[in-house]
Every structure is written in C-alpha cells, then in structure tokens.
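For reference, the structure discussed in these notes is given below.
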Amino acid sequence: MKNKNPLWLDNAVFYEIYPQSFNDTNGDGIGDFQGIIEKLDYIKELGCTAIWMNPCFESPFGDAGYDVSDYMKAAPRYGTNEDLKRLFNECHKRDMHILLDLVPGHTSVEHKWFKESLKAEKNRFTDRYVWTDSIWEEPQGMGCIRGISDRDGSCAVNFFSHQPALNYGFYKCDRPWQQSMDSEGAKATLEAMKDVMRFWLGMGCDGFRVDMAGSLVKHDEDGKGTIKLWQNVREFLDREFPEAAMVSEWGEPDKSLQGGFHMDFLLHFGPSHYNDLFRCEEPFFSSRGKGDVSEFAKKYMENYEKSERKGLICIPSGNHDMDRLARSIHGDNLKIAFAFLLSMPGAPFIYYGDEIGMRYVEGLTSVEGGYGRTGSRTPMQWDNTTNAGFSAAAKELLYIPMDESPDRPTAQAQMSDKNSLRSEIKRLIEIRQSRKALQSRGDIKFIYAEKNEYPLAYLRGSGDEWVLVIINPADREVSFDCRFTPVDTIYSFGGDIKAEEGRITVPPCFAGYFEV
Ligand code: GLC
Ligand code: CA
C-alpha cells in the first residue's frame, strides 16, 4: 500500500471551522460560506495553512449536520454548491487547503436512501442500511429504529436514534440477517460513498475528515474489517485522487494509518490518554501541577512506533464535541498548552476561537443536538461591535447565544496586543514553520515524562537538527536530569532555565524550545 502523504501535510497547521458559528454575512444569524471566505485572510495571518470544515450538507440538523439528507448538496443556509466551490478556490488562491467532513456511517432519516429502504417491497436501497429481518429482533449492541414503516425489521442506528446506520457488512455474521462485507448491499454502500468523494474532490476540495471512521463494519472488535474497507478506499484514491488528504475520527492511529489514512486524531474517547492533558480532574496543563503526562507519553510512543511513522498523529486543541480548552486551562497556561500542541509531530488542529481562548459558555439549552457540546459551539467573537461582529441579526436569532461576559476575548483586541494568546500562537506557528525538526514529520523522543512529575521534556529532530522542548505548566519551579545541554534559545515563555551538570531547573509556568 502506498499511503503517501500529500506533501503539503508536512508543514500543515489546521484550523477547524464550525460553519454555523463562524461568520454570518446575510444577517440570518447563522454563519455561511461567504463568511468563511471573508475570514480566510484572518486564518492565514494566524499562520494556519489548512481548514477542516464541519458538515455543510443538506440536513434536518438534528445533529448539527452530522445527519446528512443529501451528500451532494450544500445546505442552503450556508450557500450553494457554487459558493462552496468558490470557497475551495479562494483557499487555493491563498495557498491553503480545505477538507470537508465526510459522514459515511449513517444518514439522516430524511435521506432518500432511507425513505426507500423503509419500504416493504424490495428495491435498490433495501440493503443500504443495517436491518434485522423481523420487527421483533433488535440488532445486538446497537440502538435501533422500529415500527415506523411497513418493512418488517429493525434498523440499527449509529449515533442518535435519527441516524440509521449504513450497511458496510459485518466482520463476523452470526444471525441470518447480518450481511458480510462482500455482500452486494455492503459493496453498493461503499461505492455510493466513493461517488460522494468523487463529487467533492472533483469540485476542488482537498480531502476529508471522516466521521466515526473506525466503526463502519459491524461486529469488528479489532477493526480488521474496517481497516480492509479503508484500504479499498485508499486504492480508489490512489487511482483517481492521489493528492486527496484523509484524516480519520478513529483515535487509534495504529489501525487508521494501516487503513490508508494519512492522519488520525487523538480524541477525548479511546485509548490515547489525550484527556490527561487538558480535560480530566487534574489535567497536566493546569497550573495546579497535579497532573500526570506519563501514560499519554507512553501510549503516544506506542502508536508512533506501531504506525511506523507512516502517517500523522494529530493532537487537536479541542473540537466541536469537547469542552473548550479554556474551560479547564486558564491564563498563561493556555500559551503553554499551545507551546506543546505546536511542537508535537503530526499536524496540529486549532479549533476556531481557541486561538483567542474562547470560553465554554455554561448553562445553554441544547441547539441542534449539541447538548453539553453546545457551550463549545458559540459564535466566534471577532470584535467589539454588535454580536461581537459575528452577525447583523437580532440577538434572539443567533444560531447559539454568544458568550455574554463583558470581558469576553475578541480576535481584534488580541491581534493588536503582542502579549495576547493569539499573538503567542502566531509566534509559535512561525517558529514551527521555520524548522523541519518541529514540523509534522520531525522525529520525537521523550526525555522526561515521569509519573506525576513535572516538567515534560522531549526532543524533536530532523537530519542533524535537534530541538529540546521543555514544558512546565505547574506553578512551581521544577528540575530534572537531562544529558542534553541547551545551547541556543529558539523560544521561551515564562523566564529562564538554569542548566548545570546534567540537571535543568525550570521556572514556574514555563515553555521553551532550545537547540542542543
Ligand atoms: C462524530 C462527530 C459528532 C457527531 C457524531 C455522529 O463524533 O464529531 O459531532 O455527533 O460523530 O455523527
Ligand atoms: Ca448567514
């Protein structure tokens, strides 16, 4: 298998856009494609080179667009397919790339495939979804939709109960209604999904972030079937769109990269220990300094070795499903968190607004299936004008209420303050872009990542260039044994280190990169 990375991934820094909440240009209270186009220069100025945009397809929006009713049509609230194509072109004009969000695991109940599949008479779409052969039998281990049509069977759901699971087959079949991966129905689903990919790649998008990529084949505990399925997609892409970039929402890089993805995320679920960093009772990056980074580092290296450096392990600052970073990490510690995120291998992903420390807005009523996630999806805060410059709509019409705190951060204020979080991030990206050792494919070796200890230290390298990174989120001075001697300072925040006789002492709340 080739699994060759598109070259631009080598120094890519991604920016995730939740289109609803980014920038509204027609005053209906919801962000749109034109709004994104108008802010591309802002994203580029920050230093990001690529975008992942959440689903923007026709949908009843019971799960914010992850319930697609037409894969080949932009949701009218964002604009037309033509506008979306213009967005692709505007990105390319600026030397940027853009990934769409592919949701292959399920559709909305309003998708025409599902309406056909509901019918009692056999038709082309009968086997497009996972159905049992009797209304009285439910699919084991999955939720289901039952009793809403004349078809005698229960249809498995993938996520919410209005998201019926598309049929890619079962790895192990132990019931007569379970179809194998090579059944006609399962194969047809995969071909239909390839058509969706062809459609958008052909129009100029640069690849996909793939939703729930690791769970397409059912009864597939070790992921063997799903890996095989993605290898099939990889062959298709190598043949028709070798430049397309693919990142999976899988969270197990040892599997996804084998499946031919270029990148996988570390996620708030799964075995990665990502939550130990920012989102647990005592996060490593909190100034309390009671966290533990050792399990994370161990698991990271395990994945890194298993994936044979084939692909990229991507660590996001957050995303539309997690609490905002600023809910648990505060003040200067946000800068320290980014000094880590932007010096790790893989492509970093910055969730819109995290660059200004946007807060999780507490106490919101759920919007479009967001539930607890709603507080992380509030409108971007651009400036001090009405609705923070997000929209000219009346306040009640905004997609999600804004953060109303008087001291809410804004992009404009942070851009003119050289000590702001955003300015720090911009600096960090510039430094990353100036050294191969710090970019996606530079090597990594953890030097100090001990149980319940601070700081965290690692080496990044490429050729004979080696950079020592020291990260101390704790509000206390710490020291550690280190056989590398820092010579030149590439970056430092929070004071000066002392290096003597194989021991380095680090000030409280500090981050630094050094030549060794
Ligand atoms: C993914 C998405 C999430 C969505 C779910 C179902 O986890 O990131 O937002 O609700 O899949 O599609
Ligand atoms: Ca709008």
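Lettering and numbering for the structure tokens are positional, with chains as A, B, ... in the shown order, residues counted from 1 in each chain, and ligands counted from 1 in the shown order.
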For this session: Name the residues in contact with stretch 192-205 of chain A at a cut-off of 10 Å, using only C-alpha atoms, excluding same-chain residues fewer than 5 positions from it; report them as a ChimeraX atom specification.
Result: /A:70-73,81-82,84-89,91-92,97-100,102-105,128,187,233,236-237,240-241,243-245
For this session: Check every protein, DNA and RNA residue against ligand 2, keep those with an atom at most 10 Å away (counting only C-alpha atoms and all ligand atoms), and present them as a list in words.
Result: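 The residues within 10 Å of ligand 2, counting only C-alpha atoms and all ligand atoms, are Pro19, Gln20, Ser21, Phe22, Asn23, Asp24, Thr25, Asn26, Gly27, Asp28, Gly29, Ile30, Gly31, Asp32, Phe33, Gln34, Gly35, Pro76, Arg77, Tyr78, Gly79, Phe390, Ser391, Ala392, Ala393, Leu398 and Tyr399 of chain A.
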Written file, previous selection with C-alpha atoms, as a PDB file, in the first residue's frame:
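What ended up in part19.pdb:
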ATOM      1  CA  PRO A  19     -19.619  26.861   9.823  1.00  0.00           C
ATOM      2  CA  GLN A  20     -22.768  27.733  11.764  1.00  0.00           C
ATOM      3  CA  SER A  21     -20.828  29.812  14.263  1.00  0.00           C
ATOM      4  CA  PHE A  22     -18.010  31.378  12.321  1.00  0.00           C
ATOM      5  CA  ASN A  23     -19.200  34.409  10.387  1.00  0.00           C
ATOM      6  CA  ASP A  24     -22.662  35.377   9.143  1.00  0.00           C
ATOM      7  CA  THR A  25     -22.790  37.672   6.117  1.00  0.00           C
ATOM      8  CA  ASN A  26     -26.511  37.821   5.312  1.00  0.00           C
ATOM      9  CA  GLY A  27     -27.837  38.576   8.764  1.00  0.00           C
ATOM     10  CA  ASP A  28     -29.828  35.381   9.323  1.00  0.00           C
ATOM     11  CA  GLY A  29     -27.891  34.562  12.498  1.00  0.00           C
ATOM     12  CA  ILE A  30     -26.077  31.565  11.009  1.00  0.00           C
ATOM     13  CA  GLY A  31     -22.579  31.534   9.578  1.00  0.00           C
ATOM     14  CA  ASP A  32     -22.143  30.917   5.862  1.00  0.00           C
ATOM     15  CA  PHE A  33     -19.604  30.127   3.116  1.00  0.00           C
ATOM     16  CA  GLN A  34     -19.220  33.788   2.201  1.00  0.00           C
ATOM     17  CA  GLY A  35     -18.460  34.479   5.866  1.00  0.00           C
ATOM     18  CA  PRO A  76     -28.921  26.289   1.653  1.00  0.00           C
ATOM     19  CA  ARG A  77     -28.296  28.123   4.908  1.00  0.00           C
ATOM     20  CA  TYR A  78     -24.575  28.203   4.095  1.00  0.00           C
ATOM     21  CA  GLY A  79     -24.952  28.909   0.385  1.00  0.00           C
ATOM     22  CA  PHE A 390     -20.405  37.640  14.114  1.00  0.00           C
ATOM     23  CA  SER A 391     -23.776  38.636  12.703  1.00  0.00           C
ATOM     24  CA  ALA A 392     -26.091  41.561  11.999  1.00  0.00           C
ATOM     25  CA  ALA A 393     -29.113  39.561  13.165  1.00  0.00           C
ATOM     26  CA  LEU A 398     -28.265  33.948  16.614  1.00  0.00           C
ATOM     27  CA  TYR A 399     -27.622  30.264  15.997  1.00  0.00           C
TER      28      TYR A 399
END
For this session: Tell me which of A:Ile470, A:Met212, A:Leu341, A:Cys144 sits closest to ligand 1, counting only C-alpha atoms and all ligand atoms.
Result: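 That would be A:Met212, the residue with the smallest distance to ligand 1.
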For this session: Excluding A:Ile425 and residues on its chain fewer than 2 positions from it, collect all residues at most 10 Å away from it, counting only C-alpha atoms, and give them as number ranges by chain.
Result: A: 46-47, 334-336, 338-339, 341-342, 355-356, 420-423, 427-431
Using the selection just defined, write its residues with all heavy atoms as a short mmCIF file (atom, residue, chain, number, x, y, z; two decimals), in the first residue's frame.
data_model
loop_
_atom_site.label_atom_id
_atom_site.label_comp_id
_atom_site.auth_asym_id
_atom_site.auth_seq_id
_atom_site.Cartn_x
_atom_site.Cartn_y
_atom_site.Cartn_z
N LEU A 46 -2.88 34.15 10.97
CA LEU A 46 -2.52 33.41 12.18
C LEU A 46 -1.40 32.41 11.89
O LEU A 46 -0.63 32.05 12.78
CB LEU A 46 -3.77 32.68 12.70
CG LEU A 46 -3.64 31.79 13.93
CD1 LEU A 46 -3.22 32.61 15.16
CD2 LEU A 46 -4.97 31.05 14.22
N GLY A 47 -1.36 31.96 10.65
CA GLY A 47 -0.31 31.01 10.26
C GLY A 47 -0.86 29.65 9.87
O GLY A 47 -0.10 28.75 9.50
N LEU A 334 -2.68 28.53 28.92
CA LEU A 334 -3.15 28.30 27.55
C LEU A 334 -1.98 28.45 26.58
O LEU A 334 -1.84 27.69 25.62
CB LEU A 334 -4.27 29.27 27.19
CG LEU A 334 -5.64 28.97 27.82
CD1 LEU A 334 -6.60 30.13 27.60
CD2 LEU A 334 -6.23 27.68 27.23
N LYS A 335 -1.14 29.44 26.84
CA LYS A 335 0.04 29.63 25.97
C LYS A 335 0.96 28.41 26.06
O LYS A 335 1.51 27.94 25.07
CB LYS A 335 0.81 30.89 26.38
CG LYS A 335 -0.01 32.17 26.19
CD LYS A 335 0.78 33.39 26.61
CE LYS A 335 -0.07 34.65 26.42
NZ LYS A 335 0.55 35.84 27.04
N ILE A 336 1.11 27.91 27.28
CA ILE A 336 1.97 26.75 27.47
C ILE A 336 1.39 25.52 26.77
O ILE A 336 2.11 24.73 26.16
CB ILE A 336 2.19 26.51 28.98
CG1 ILE A 336 2.96 27.72 29.55
CG2 ILE A 336 2.95 25.21 29.24
CD1 ILE A 336 3.02 27.76 31.06
N PHE A 338 -0.36 25.59 24.07
CA PHE A 338 -0.10 25.72 22.63
C PHE A 338 1.38 25.52 22.30
O PHE A 338 1.72 25.06 21.21
CB PHE A 338 -0.63 27.05 22.10
CG PHE A 338 -2.09 26.96 21.73
CD1 PHE A 338 -3.07 27.37 22.62
CD2 PHE A 338 -2.48 26.42 20.52
CE1 PHE A 338 -4.42 27.25 22.30
CE2 PHE A 338 -3.83 26.30 20.18
CZ PHE A 338 -4.80 26.72 21.08
N ALA A 339 2.27 25.87 23.24
CA ALA A 339 3.70 25.62 23.00
C ALA A 339 3.93 24.11 22.87
O ALA A 339 4.80 23.67 22.12
CB ALA A 339 4.54 26.19 24.13
N LEU A 341 1.24 21.86 21.90
CA LEU A 341 0.50 21.43 20.71
C LEU A 341 1.25 21.75 19.42
O LEU A 341 1.22 20.98 18.46
CB LEU A 341 -0.87 22.13 20.66
CG LEU A 341 -1.89 21.66 21.69
CD1 LEU A 341 -3.05 22.65 21.80
CD2 LEU A 341 -2.41 20.27 21.32
N LEU A 342 1.91 22.91 19.41
CA LEU A 342 2.56 23.36 18.18
C LEU A 342 4.01 22.89 18.07
O LEU A 342 4.72 23.28 17.15
CB LEU A 342 2.46 24.88 18.06
CG LEU A 342 1.01 25.36 17.85
CD1 LEU A 342 0.89 26.85 18.06
CD2 LEU A 342 0.50 24.97 16.46
N GLU A 355 -7.81 30.02 19.55
CA GLU A 355 -6.62 30.88 19.43
C GLU A 355 -6.78 32.17 20.24
O GLU A 355 -5.81 32.87 20.48
CB GLU A 355 -6.31 31.18 17.95
CG GLU A 355 -7.23 32.19 17.25
CD GLU A 355 -8.53 31.58 16.74
OE1 GLU A 355 -8.93 30.51 17.24
OE2 GLU A 355 -9.16 32.20 15.85
N ILE A 356 -8.02 32.50 20.62
CA ILE A 356 -8.21 33.68 21.48
C ILE A 356 -8.70 33.26 22.87
O ILE A 356 -9.11 34.08 23.67
CB ILE A 356 -9.18 34.71 20.84
CG1 ILE A 356 -10.55 34.08 20.53
CG2 ILE A 356 -8.57 35.31 19.57
CD1 ILE A 356 -11.63 35.10 20.15
N SER A 420 -0.94 38.82 23.75
CA SER A 420 -2.17 38.01 23.81
C SER A 420 -1.87 36.55 23.47
O SER A 420 -0.81 36.22 22.91
CB SER A 420 -3.19 38.55 22.82
OG SER A 420 -2.73 38.34 21.49
N LEU A 421 -2.81 35.70 23.78
CA LEU A 421 -2.72 34.29 23.41
C LEU A 421 -2.55 34.15 21.90
O LEU A 421 -1.70 33.41 21.42
CB LEU A 421 -3.98 33.55 23.88
CG LEU A 421 -4.08 32.08 23.48
CD1 LEU A 421 -2.92 31.26 24.06
CD2 LEU A 421 -5.42 31.48 23.94
N ARG A 422 -3.36 34.89 21.14
CA ARG A 422 -3.30 34.76 19.69
C ARG A 422 -1.92 35.15 19.15
O ARG A 422 -1.37 34.48 18.27
CB ARG A 422 -4.37 35.61 19.03
CG ARG A 422 -4.50 35.32 17.53
CD ARG A 422 -5.46 36.25 16.85
NE ARG A 422 -5.65 35.90 15.44
CZ ARG A 422 -4.81 36.24 14.47
NH1 ARG A 422 -3.70 36.90 14.74
NH2 ARG A 422 -5.09 35.89 13.23
N SER A 423 -1.35 36.22 19.71
CA SER A 423 -0.02 36.63 19.25
C SER A 423 1.02 35.57 19.58
O SER A 423 1.94 35.31 18.79
CB SER A 423 0.39 37.96 19.88
OG SER A 423 -0.52 38.96 19.50
N ARG A 427 3.31 33.47 16.90
CA ARG A 427 4.77 33.31 17.03
C ARG A 427 5.16 31.83 16.99
O ARG A 427 6.10 31.43 16.31
CB ARG A 427 5.23 33.88 18.37
CG ARG A 427 5.79 35.30 18.28
CD ARG A 427 6.53 35.71 19.54
NE ARG A 427 5.69 35.88 20.72
CZ ARG A 427 4.91 36.94 20.95
NH1 ARG A 427 4.85 37.94 20.09
NH2 ARG A 427 4.17 37.01 22.04
N LEU A 428 4.42 31.02 17.74
CA LEU A 428 4.75 29.60 17.82
C LEU A 428 4.63 28.93 16.44
O LEU A 428 5.44 28.08 16.09
CB LEU A 428 3.82 28.91 18.82
CG LEU A 428 4.14 29.18 20.30
CD1 LEU A 428 2.96 28.82 21.20
CD2 LEU A 428 5.39 28.42 20.73
N ILE A 429 3.62 29.32 15.69
CA ILE A 429 3.46 28.72 14.34
C ILE A 429 4.62 29.16 13.45
O ILE A 429 5.20 28.35 12.71
CB ILE A 429 2.10 29.09 13.71
CG1 ILE A 429 0.95 28.53 14.55
CG2 ILE A 429 2.02 28.58 12.27
CD1 ILE A 429 -0.44 28.84 14.04
N GLU A 430 5.01 30.43 13.56
CA GLU A 430 6.14 30.92 12.75
C GLU A 430 7.40 30.11 13.04
O GLU A 430 8.13 29.73 12.13
CB GLU A 430 6.41 32.39 13.08
CG GLU A 430 5.79 33.34 12.08
CD GLU A 430 5.77 34.78 12.62
OE1 GLU A 430 6.70 35.17 13.38
OE2 GLU A 430 4.81 35.48 12.29
N ILE A 431 7.63 29.87 14.33
CA ILE A 431 8.82 29.10 14.72
C ILE A 431 8.74 27.68 14.17
O ILE A 431 9.70 27.15 13.61
CB ILE A 431 8.98 29.10 16.25
CG1 ILE A 431 9.32 30.51 16.73
CG2 ILE A 431 10.06 28.11 16.69
CD1 ILE A 431 9.26 30.69 18.24
#
Problem set entry | For ligand 1, the nearest of the candidates A:Asn167, A:Asn11, A:Asn319, A:Ser149, counting only C-alpha atoms and all ligand atoms | A:Asn319
Selection: 12 Å around stretch 479-495 of chain A, only C-alpha atoms, excl. self and same-chain fewer than 6 positions, as a compact mmCIF listing (two decimals) with C-alpha atoms, in the first residue's frame:
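Okay, part.txt is ready:
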# COMPACT_ATOMS: atom_id res chain seq x y z
CA ASP A 332 -0.71 31.74 30.71
CA ASN A 333 -1.28 28.01 30.84
CA LEU A 334 -3.15 28.30 27.55
CA LYS A 335 0.04 29.63 25.97
CA ILE A 336 1.97 26.75 27.47
CA ALA A 337 -0.59 24.30 26.13
CA PHE A 338 -0.10 25.72 22.63
CA ALA A 339 3.70 25.62 23.00
CA PHE A 340 3.16 21.88 23.42
CA LEU A 342 2.56 23.36 18.18
CA SER A 343 5.79 21.49 18.86
CA ASN A 419 1.14 39.65 24.67
CA LEU A 421 -2.72 34.29 23.41
CA GLU A 424 1.80 33.87 21.12
CA ILE A 425 0.22 31.23 18.90
CA ARG A 427 4.77 33.31 17.03
CA LEU A 428 4.75 29.60 17.82
CA ILE A 429 3.46 28.72 14.34
CA GLU A 430 6.14 30.92 12.75
CA ILE A 431 8.82 29.10 14.72
CA ARG A 432 7.37 25.72 13.78
CA SER A 434 10.97 27.79 10.27
CA ARG A 435 12.32 24.39 11.40
CA LEU A 438 9.35 20.88 14.70
CA PHE A 446 10.51 11.84 25.20
CA ILE A 447 13.32 12.81 27.57
CA TYR A 448 11.33 13.35 30.72
CA ALA A 449 7.68 12.31 31.11
CA GLU A 450 7.58 10.74 34.55
CA GLU A 453 6.19 14.71 37.75
CA TYR A 454 6.87 18.00 36.03
CA PRO A 455 8.18 19.21 33.59
CA LEU A 456 7.62 17.39 30.33
CA ALA A 457 10.64 17.35 28.04
CA TYR A 458 11.17 15.92 24.59
CA LEU A 459 13.49 16.15 21.64
CA TRP A 466 17.62 18.65 17.22
CA VAL A 467 15.36 20.78 19.37
CA LEU A 468 14.79 20.24 23.08
CA VAL A 469 11.30 21.22 24.21
CA ILE A 470 10.65 21.84 27.91
CA ILE A 471 7.12 22.36 29.13
CA ASN A 472 6.27 23.19 32.73
CA PRO A 473 2.60 24.06 33.28
CA GLU A 501 25.88 19.39 35.31
CA GLY A 502 23.23 17.36 33.60
CA ARG A 503 20.41 18.93 35.56
CA ILE A 504 17.98 21.56 34.28
CA THR A 505 15.91 23.80 36.54
CA VAL A 506 12.77 25.28 35.06
CA PRO A 507 10.76 28.28 36.34
CA PRO A 508 7.04 28.01 37.15
CA CYS A 509 4.61 28.14 34.18
CA PHE A 510 7.27 27.90 31.51
CA ALA A 511 7.69 26.67 27.97
CA GLY A 512 10.83 26.74 25.88
CA TYR A 513 12.48 25.33 22.75
CA PHE A 514 16.27 25.03 22.66
CA GLU A 515 18.92 23.99 20.23
CA VAL A 516 21.03 21.16 21.61
Which residues of chain A sit at most 9 Å from ligand 1, using only C-alpha atoms and all ligand atoms? Give each one's shortest atom pair and distance in Å (one decimal place), in chain and ascending residue order, as a tab-separated table.
residue	atom	partner	partner_atom_place_in_ligand_line	distance
A:Asn54	CA	ligand 1	8 (O)	8.3
A:Asp63	CA	ligand 1	10 (O)	5.6
A:Ala64	CA	ligand 1	9 (O)	7.3
A:Gly65	CA	ligand 1	12 (O)	8.2
A:Tyr66	CA	ligand 1	12 (O)	4.5
A:Asp67	CA	ligand 1	12 (O)	6.7
A:Val103	CA	ligand 1	12 (O)	6.5
A:Pro104	CA	ligand 1	12 (O)	8.9
A:Gly105	CA	ligand 1	12 (O)	7.5
A:His106	CA	ligand 1	12 (O)	7.4
A:Thr107	CA	ligand 1	12 (O)	8.7
A:Asn158	CA	ligand 1	6 (C)	7.5
A:Phe159	CA	ligand 1	6 (C)	5.5
A:Phe160	CA	ligand 1	6 (C)	7.4
A:Gln163	CA	ligand 1	12 (O)	8.0
A:Val210	CA	ligand 1	1 (C)	8.8
A:Asp211	CA	ligand 1	1 (C)	5.3
A:Met212	CA	ligand 1	11 (O)	5.5
A:Glu249	CA	ligand 1	7 (O)	7.2
A:Asn319	CA	ligand 1	8 (O)	7.9
A:His320	CA	ligand 1	9 (O)	6.3
A:Asp321	CA	ligand 1	9 (O)	5.5
A:Gly369	CA	ligand 1	10 (O)	7.6
A:Gly370	CA	ligand 1	10 (O)	7.7
A:Arg373	CA	ligand 1	9 (O)	8.6
Any chance you could export the current selection's N, CA, C and O atoms as an mmCIF file, in the first residue's frame?
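That gives us again-v6.cif:
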data_model
loop_
_atom_site.group_PDB
_atom_site.id
_atom_site.type_symbol
_atom_site.label_atom_id
_atom_site.label_comp_id
_atom_site.auth_asym_id
_atom_site.auth_seq_id
_atom_site.Cartn_x
_atom_site.Cartn_y
_atom_site.Cartn_z
ATOM 1 N N ASN A 54 -16.674 21.487 9.375
ATOM 2 C CA ASN A 54 -17.695 20.505 9.772
ATOM 3 C C ASN A 54 -18.752 20.381 8.672
ATOM 4 O O ASN A 54 -18.834 21.232 7.791
ATOM 5 N N ASP A 63 -28.405 16.715 14.333
ATOM 6 C CA ASP A 63 -27.088 16.547 14.942
ATOM 7 C C ASP A 63 -26.122 17.500 14.229
ATOM 8 O O ASP A 63 -25.079 17.098 13.729
ATOM 9 N N ALA A 64 -26.566 18.747 14.162
ATOM 10 C CA ALA A 64 -25.732 19.838 13.621
ATOM 11 C C ALA A 64 -25.162 19.566 12.224
ATOM 12 O O ALA A 64 -24.106 20.081 11.878
ATOM 13 N N GLY A 65 -25.839 18.719 11.444
ATOM 14 C CA GLY A 65 -25.365 18.445 10.093
ATOM 15 C C GLY A 65 -24.683 17.092 9.949
ATOM 16 O O GLY A 65 -24.373 16.670 8.836
ATOM 17 N N TYR A 66 -24.454 16.405 11.076
ATOM 18 C CA TYR A 66 -23.932 15.032 11.014
ATOM 19 C C TYR A 66 -25.070 14.057 10.712
ATOM 20 O O TYR A 66 -24.930 12.853 10.896
ATOM 21 N N ASP A 67 -26.192 14.608 10.317
ATOM 22 C CA ASP A 67 -27.327 13.806 9.870
ATOM 23 C C ASP A 67 -27.644 14.286 8.458
ATOM 24 O O ASP A 67 -28.495 15.133 8.252
ATOM 25 N N VAL A 103 -19.423 11.964 6.272
ATOM 26 C CA VAL A 103 -20.128 11.217 7.320
ATOM 27 C C VAL A 103 -20.629 9.901 6.723
ATOM 28 O O VAL A 103 -21.794 9.789 6.330
ATOM 29 N N PRO A 104 -19.762 8.891 6.629
ATOM 30 C CA PRO A 104 -20.138 7.667 5.921
ATOM 31 C C PRO A 104 -20.902 6.663 6.767
ATOM 32 O O PRO A 104 -21.462 5.714 6.232
ATOM 33 N N GLY A 105 -20.956 6.860 8.074
ATOM 34 C CA GLY A 105 -21.518 5.832 8.949
ATOM 35 C C GLY A 105 -23.032 5.786 8.973
ATOM 36 O O GLY A 105 -23.622 4.735 9.241
ATOM 37 N N HIS A 106 -23.646 6.907 8.716
ATOM 38 C CA HIS A 106 -25.105 6.982 8.846
ATOM 39 C C HIS A 106 -25.624 8.169 8.059
ATOM 40 O O HIS A 106 -24.861 9.055 7.680
ATOM 41 N N THR A 107 -26.930 8.171 7.827
ATOM 42 C CA THR A 107 -27.549 9.340 7.206
ATOM 43 C C THR A 107 -28.599 9.869 8.177
ATOM 44 O O THR A 107 -28.779 9.338 9.274
ATOM 45 N N ASN A 158 -26.584 4.496 14.372
ATOM 46 C CA ASN A 158 -25.147 4.620 14.616
ATOM 47 C C ASN A 158 -24.835 5.559 15.770
ATOM 48 O O ASN A 158 -23.823 5.431 16.417
ATOM 49 N N PHE A 159 -25.709 6.531 15.959
ATOM 50 C CA PHE A 159 -25.420 7.554 16.972
ATOM 51 C C PHE A 159 -26.745 7.933 17.608
ATOM 52 O O PHE A 159 -27.303 7.154 18.351
ATOM 53 N N PHE A 160 -27.316 9.088 17.274
ATOM 54 C CA PHE A 160 -28.652 9.399 17.784
ATOM 55 C C PHE A 160 -29.671 8.480 17.113
ATOM 56 O O PHE A 160 -29.394 7.897 16.058
ATOM 57 N N GLN A 163 -30.325 8.587 13.310
ATOM 58 C CA GLN A 163 -29.192 8.398 12.394
ATOM 59 C C GLN A 163 -28.997 6.920 12.060
ATOM 60 O O GLN A 163 -28.162 6.226 12.669
ATOM 61 N N VAL A 210 -12.975 12.235 8.227
ATOM 62 C CA VAL A 210 -14.014 11.211 8.140
ATOM 63 C C VAL A 210 -14.594 10.918 9.523
ATOM 64 O O VAL A 210 -13.901 10.475 10.441
ATOM 65 N N ASP A 211 -15.884 11.166 9.613
ATOM 66 C CA ASP A 211 -16.631 10.985 10.850
ATOM 67 C C ASP A 211 -16.732 9.507 11.227
ATOM 68 O O ASP A 211 -17.045 8.664 10.391
ATOM 69 N N MET A 212 -16.495 9.187 12.491
ATOM 70 C CA MET A 212 -16.652 7.834 13.015
ATOM 71 C C MET A 212 -16.078 6.769 12.077
ATOM 72 O O MET A 212 -16.681 5.716 11.855
ATOM 73 N N GLU A 249 -11.596 10.344 12.146
ATOM 74 C CA GLU A 249 -12.025 10.367 13.538
ATOM 75 C C GLU A 249 -12.078 8.897 13.956
ATOM 76 O O GLU A 249 -13.079 8.220 13.737
ATOM 77 N N ASN A 319 -12.352 20.370 19.856
ATOM 78 C CA ASN A 319 -13.193 20.300 18.667
ATOM 79 C C ASN A 319 -14.639 20.526 19.084
ATOM 80 O O ASN A 319 -14.917 20.812 20.259
ATOM 81 N N HIS A 320 -15.547 20.396 18.137
ATOM 82 C CA HIS A 320 -16.958 20.705 18.379
ATOM 83 C C HIS A 320 -17.638 19.701 19.319
ATOM 84 O O HIS A 320 -18.800 19.867 19.646
ATOM 85 N N ASP A 321 -16.935 18.645 19.689
ATOM 86 C CA ASP A 321 -17.512 17.638 20.586
ATOM 87 C C ASP A 321 -16.971 17.729 22.014
ATOM 88 O O ASP A 321 -17.478 17.062 22.907
ATOM 89 N N GLY A 369 -28.971 19.268 18.599
ATOM 90 C CA GLY A 369 -28.321 18.024 19.034
ATOM 91 C C GLY A 369 -26.963 18.225 19.674
ATOM 92 O O GLY A 369 -26.186 17.288 19.786
ATOM 93 N N GLY A 370 -26.706 19.444 20.133
ATOM 94 C CA GLY A 370 -25.407 19.714 20.754
ATOM 95 C C GLY A 370 -25.331 19.224 22.189
ATOM 96 O O GLY A 370 -24.292 18.768 22.642
ATOM 97 N N ARG A 373 -22.372 19.807 24.345
ATOM 98 C CA ARG A 373 -21.373 20.322 23.402
ATOM 99 C C ARG A 373 -21.694 21.742 22.956
ATOM 100 O O ARG A 373 -20.848 22.432 22.365
#
For this session: Go through stretch 94-222 of chain A and collect every residue that DSSP, computed from the backbone, puts in alpha helix (DSSP H); the answer should be as a PyMOL selection string.
Result: chain A and resi 112-117+184-203
